[in-house]
Amino acid sequence: MKKTLLFFALLCAFAQGALAQTSLEEEWQEVLAMTQTTSSNWNVLHSGSTTGHWFGSDGNTTYYRLGLNNNIYNFTNYQHDGSGATIHGTVYLYVPTGITVNFIGANANETNGAGAGIELNEGNTLVLLGGGTINATGGNAANGSNGGTGGNASGEWDSWTYTGAGGTGGNGGGGAGAGIGTRG
């Protein structure tokens with residue numbers, strides 16, 4: 001199975017020549033017509049999150065839209081290796097014109113990888129709709145750890161020698177998360 005990301009920029013007034021001439025209500029009606037849904041099918045998000053957000057459920061199609069009570073929504077995950085958004089099943093996300101949504105994954109911690117801005121694993125689909133702005137930023141990678149100290153050699157001149165034990169190697173740091181894709 002493949003993971004899928006689909007972008008649909010709604011240019012409701014495209015035939016008339018300018019997106020600026022389209023009202024938000026006309027844009028919303030175009031989304032409903034395109035998806036063959038009604039307003040009752042859509043979950044409205046009124047605020048962001050500091051622990052990321054889980055969108056959808058495995059094997060199902062779910063619809064989300066951002067409310068108009070904020071101009072900027074932030075879904076930033078500060079939890080250990082968490083993603084700003086995690087997509088399950090098929091998810092439609094409508095971001096109206098004039099709205100910005102930021103998805104930011106947590107930074108890597110030691111050997112654990114960073115979170116994705118939008119985590120989209122194999123078998124899931126994300127459909128982005130609307131004229132708004134979406135920013136997806138994965139978390140930063142972590143530094144590797146230092147190796148351990150080796151043991152000292154000992155011995156007596158011209159008689160015997162014991163070699164010292166070698167030091168342990170360090171661990172690699174966790175990788176960076178994708179903007180849209182998988183965790184690090």
# chains A, B, ... in the order shown; residues from 1 in each chain; ligands from 1
>>> residues_around(residues="Gly113 in chain A", least_positions_apart="3", cutoff="10 Å", atoms="only C-alpha atoms", output="VMD selection string")
chain A and resid 80 to 82 106 to 110 116 139 to 142 173 to 177 182 to 184
>>> residues_around(residues="Thr61 in chain A", least_positions_apart="4", cutoff="12 Å", atoms="only C-alpha atoms", output="list of chain:residue names")
A:Thr35, A:Thr37, A:Asn41, A:Trp42, A:Asn43, A:Phe55, A:Gly56, A:Ser57, A:Ile87, A:His88, A:Gly89, A:Thr90, A:Val91, A:Tyr92, A:Leu93, A:Asn124, A:Thr125, A:Leu126, A:Val127
>>> write_last_selection(atoms="N, CA, C and O atoms", output="PDB file, in the first residue's frame")
ATOM      1  N   THR A  35     -16.644  17.457  -2.616  1.00  0.00           N
ATOM      2  CA  THR A  35     -16.546  16.265  -1.771  1.00  0.00           C
ATOM      3  C   THR A  35     -17.875  15.519  -1.666  1.00  0.00           C
ATOM      4  O   THR A  35     -17.918  14.450  -1.051  1.00  0.00           O
ATOM      5  N   THR A  37     -20.474  16.250   0.130  1.00  0.00           N
ATOM      6  CA  THR A  37     -20.811  16.154   1.543  1.00  0.00           C
ATOM      7  C   THR A  37     -21.730  17.318   1.918  1.00  0.00           C
ATOM      8  O   THR A  37     -21.990  18.203   1.106  1.00  0.00           O
ATOM      9  N   ASN A  41     -21.192  16.663   7.851  1.00  0.00           N
ATOM     10  CA  ASN A  41     -20.140  15.650   7.733  1.00  0.00           C
ATOM     11  C   ASN A  41     -18.792  16.127   8.254  1.00  0.00           C
ATOM     12  O   ASN A  41     -17.886  15.315   8.459  1.00  0.00           O
ATOM     13  N   TRP A  42     -18.657  17.434   8.460  1.00  0.00           N
ATOM     14  CA  TRP A  42     -17.348  18.024   8.765  1.00  0.00           C
ATOM     15  C   TRP A  42     -17.195  18.307  10.252  1.00  0.00           C
ATOM     16  O   TRP A  42     -18.070  18.880  10.885  1.00  0.00           O
ATOM     17  N   ASN A  43     -16.035  17.910  10.800  1.00  0.00           N
ATOM     18  CA  ASN A  43     -15.653  18.251  12.173  1.00  0.00           C
ATOM     19  C   ASN A  43     -14.977  19.613  12.138  1.00  0.00           C
ATOM     20  O   ASN A  43     -14.038  19.811  11.365  1.00  0.00           O
ATOM     21  N   PHE A  55      -5.892  12.864  13.482  1.00  0.00           N
ATOM     22  CA  PHE A  55      -6.951  13.085  12.507  1.00  0.00           C
ATOM     23  C   PHE A  55      -7.404  11.747  11.940  1.00  0.00           C
ATOM     24  O   PHE A  55      -6.588  10.978  11.445  1.00  0.00           O
ATOM     25  N   GLY A  56      -8.715  11.469  11.968  1.00  0.00           N
ATOM     26  CA  GLY A  56      -9.285  10.296  11.338  1.00  0.00           C
ATOM     27  C   GLY A  56      -9.147   9.034  12.152  1.00  0.00           C
ATOM     28  O   GLY A  56      -8.733   9.043  13.316  1.00  0.00           O
ATOM     29  N   SER A  57      -9.524   7.930  11.508  1.00  0.00           N
ATOM     30  CA  SER A  57      -9.395   6.602  12.111  1.00  0.00           C
ATOM     31  C   SER A  57      -9.132   5.597  10.996  1.00  0.00           C
ATOM     32  O   SER A  57      -9.581   5.784   9.853  1.00  0.00           O
ATOM     33  N   ILE A  87      -2.172  11.319  10.681  1.00  0.00           N
ATOM     34  CA  ILE A  87      -3.277  11.007   9.782  1.00  0.00           C
ATOM     35  C   ILE A  87      -3.557   9.510   9.800  1.00  0.00           C
ATOM     36  O   ILE A  87      -2.642   8.697   9.622  1.00  0.00           O
ATOM     37  N   HIS A  88      -4.835   9.156  10.001  1.00  0.00           N
ATOM     38  CA  HIS A  88      -5.268   7.753   9.962  1.00  0.00           C
ATOM     39  C   HIS A  88      -6.465   7.644   9.036  1.00  0.00           C
ATOM     40  O   HIS A  88      -7.402   8.435   9.120  1.00  0.00           O
ATOM     41  N   GLY A  89      -6.426   6.660   8.141  1.00  0.00           N
ATOM     42  CA  GLY A  89      -7.492   6.491   7.164  1.00  0.00           C
ATOM     43  C   GLY A  89      -7.377   7.550   6.085  1.00  0.00           C
ATOM     44  O   GLY A  89      -6.282   8.000   5.742  1.00  0.00           O
ATOM     45  N   THR A  90      -8.509   7.978   5.544  1.00  0.00           N
ATOM     46  CA  THR A  90      -8.551   9.052   4.564  1.00  0.00           C
ATOM     47  C   THR A  90      -9.077  10.296   5.259  1.00  0.00           C
ATOM     48  O   THR A  90     -10.163  10.269   5.841  1.00  0.00           O
ATOM     49  N   VAL A  91      -8.289  11.364   5.213  1.00  0.00           N
ATOM     50  CA  VAL A  91      -8.642  12.609   5.900  1.00  0.00           C
ATOM     51  C   VAL A  91      -8.697  13.746   4.890  1.00  0.00           C
ATOM     52  O   VAL A  91      -7.758  13.944   4.119  1.00  0.00           O
ATOM     53  N   TYR A  92      -9.805  14.470   4.906  1.00  0.00           N
ATOM     54  CA  TYR A  92      -9.962  15.703   4.137  1.00  0.00           C
ATOM     55  C   TYR A  92      -9.804  16.852   5.117  1.00  0.00           C
ATOM     56  O   TYR A  92     -10.453  16.869   6.163  1.00  0.00           O
ATOM     57  N   LEU A  93      -8.929  17.813   4.791  1.00  0.00           N
ATOM     58  CA  LEU A  93      -8.717  18.986   5.640  1.00  0.00           C
ATOM     59  C   LEU A  93      -8.936  20.238   4.806  1.00  0.00           C
ATOM     60  O   LEU A  93      -8.230  20.469   3.826  1.00  0.00           O
ATOM     61  N   ASN A 124      -2.431   5.487   4.384  1.00  0.00           N
ATOM     62  CA  ASN A 124      -3.288   6.606   4.767  1.00  0.00           C
ATOM     63  C   ASN A 124      -3.262   7.660   3.663  1.00  0.00           C
ATOM     64  O   ASN A 124      -2.306   7.754   2.906  1.00  0.00           O
ATOM     65  N   THR A 125      -4.327   8.477   3.604  1.00  0.00           N
ATOM     66  CA  THR A 125      -4.446   9.493   2.565  1.00  0.00           C
ATOM     67  C   THR A 125      -4.847  10.817   3.195  1.00  0.00           C
ATOM     68  O   THR A 125      -5.730  10.863   4.047  1.00  0.00           O
ATOM     69  N   LEU A 126      -4.207  11.892   2.752  1.00  0.00           N
ATOM     70  CA  LEU A 126      -4.541  13.238   3.197  1.00  0.00           C
ATOM     71  C   LEU A 126      -4.907  14.068   1.977  1.00  0.00           C
ATOM     72  O   LEU A 126      -4.133  14.152   1.024  1.00  0.00           O
ATOM     73  N   VAL A 127      -6.098  14.682   2.011  1.00  0.00           N
ATOM     74  CA  VAL A 127      -6.553  15.551   0.938  1.00  0.00           C
ATOM     75  C   VAL A 127      -6.668  16.955   1.519  1.00  0.00           C
ATOM     76  O   VAL A 127      -7.426  17.179   2.457  1.00  0.00           O
TER      77      VAL A 127
END
>>> closest_residue(among="A:Tyr73, A:Trp54, A:Tyr94, A:Tyr162", to="Leu32 in chain A", atoms="only C-alpha atoms")
A:Tyr94
>>> select_by_dssp(residues="range 38-170 of chain A", states="strand (DSSP E or B)", output="ChimeraX atom specification")
/A:42-45,49,51,53-66,72-77,85-94,100-104,109,112,118-119,125-129,133-137,154-156,160-162
>>> atom_distance(atom1="CA of Tyr64 in chain A", atom2="CA of Asn77 in chain A")
19.1 Å
>>> closest_residue(among="A:Ala136, A:Ala85, A:Gly131, A:Ala178", to="Asn102 in chain A", atoms="only C-alpha atoms")
A:Ala136
>>> closest_residue(among="A:Ile104, A:Ala165, A:Ile72, A:Val95", to="Thr137 in chain A", atoms="only C-alpha atoms")
A:Ile104
>>> atom_distance(atom1="CA of Gln29 in chain A", atom2="CA of Glu119 in chain A")
28.6 Å
>>> atom_distance(atom1="CA of Ile99 in chain A", atom2="CA of Glu27 in chain A")
12.9 Å
>>> closest_residue(among="A:Ser23, A:Ser39, A:Ser159, A:Asn70", to="Thr100 in chain A", atoms="only C-alpha atoms")
A:Asn70
>>> select_by_dssp(residues="chain A", states="helix (DSSP H, G or I)", output="ChimeraX atom specification")
/A:14-16,19-21,24-35,39-41
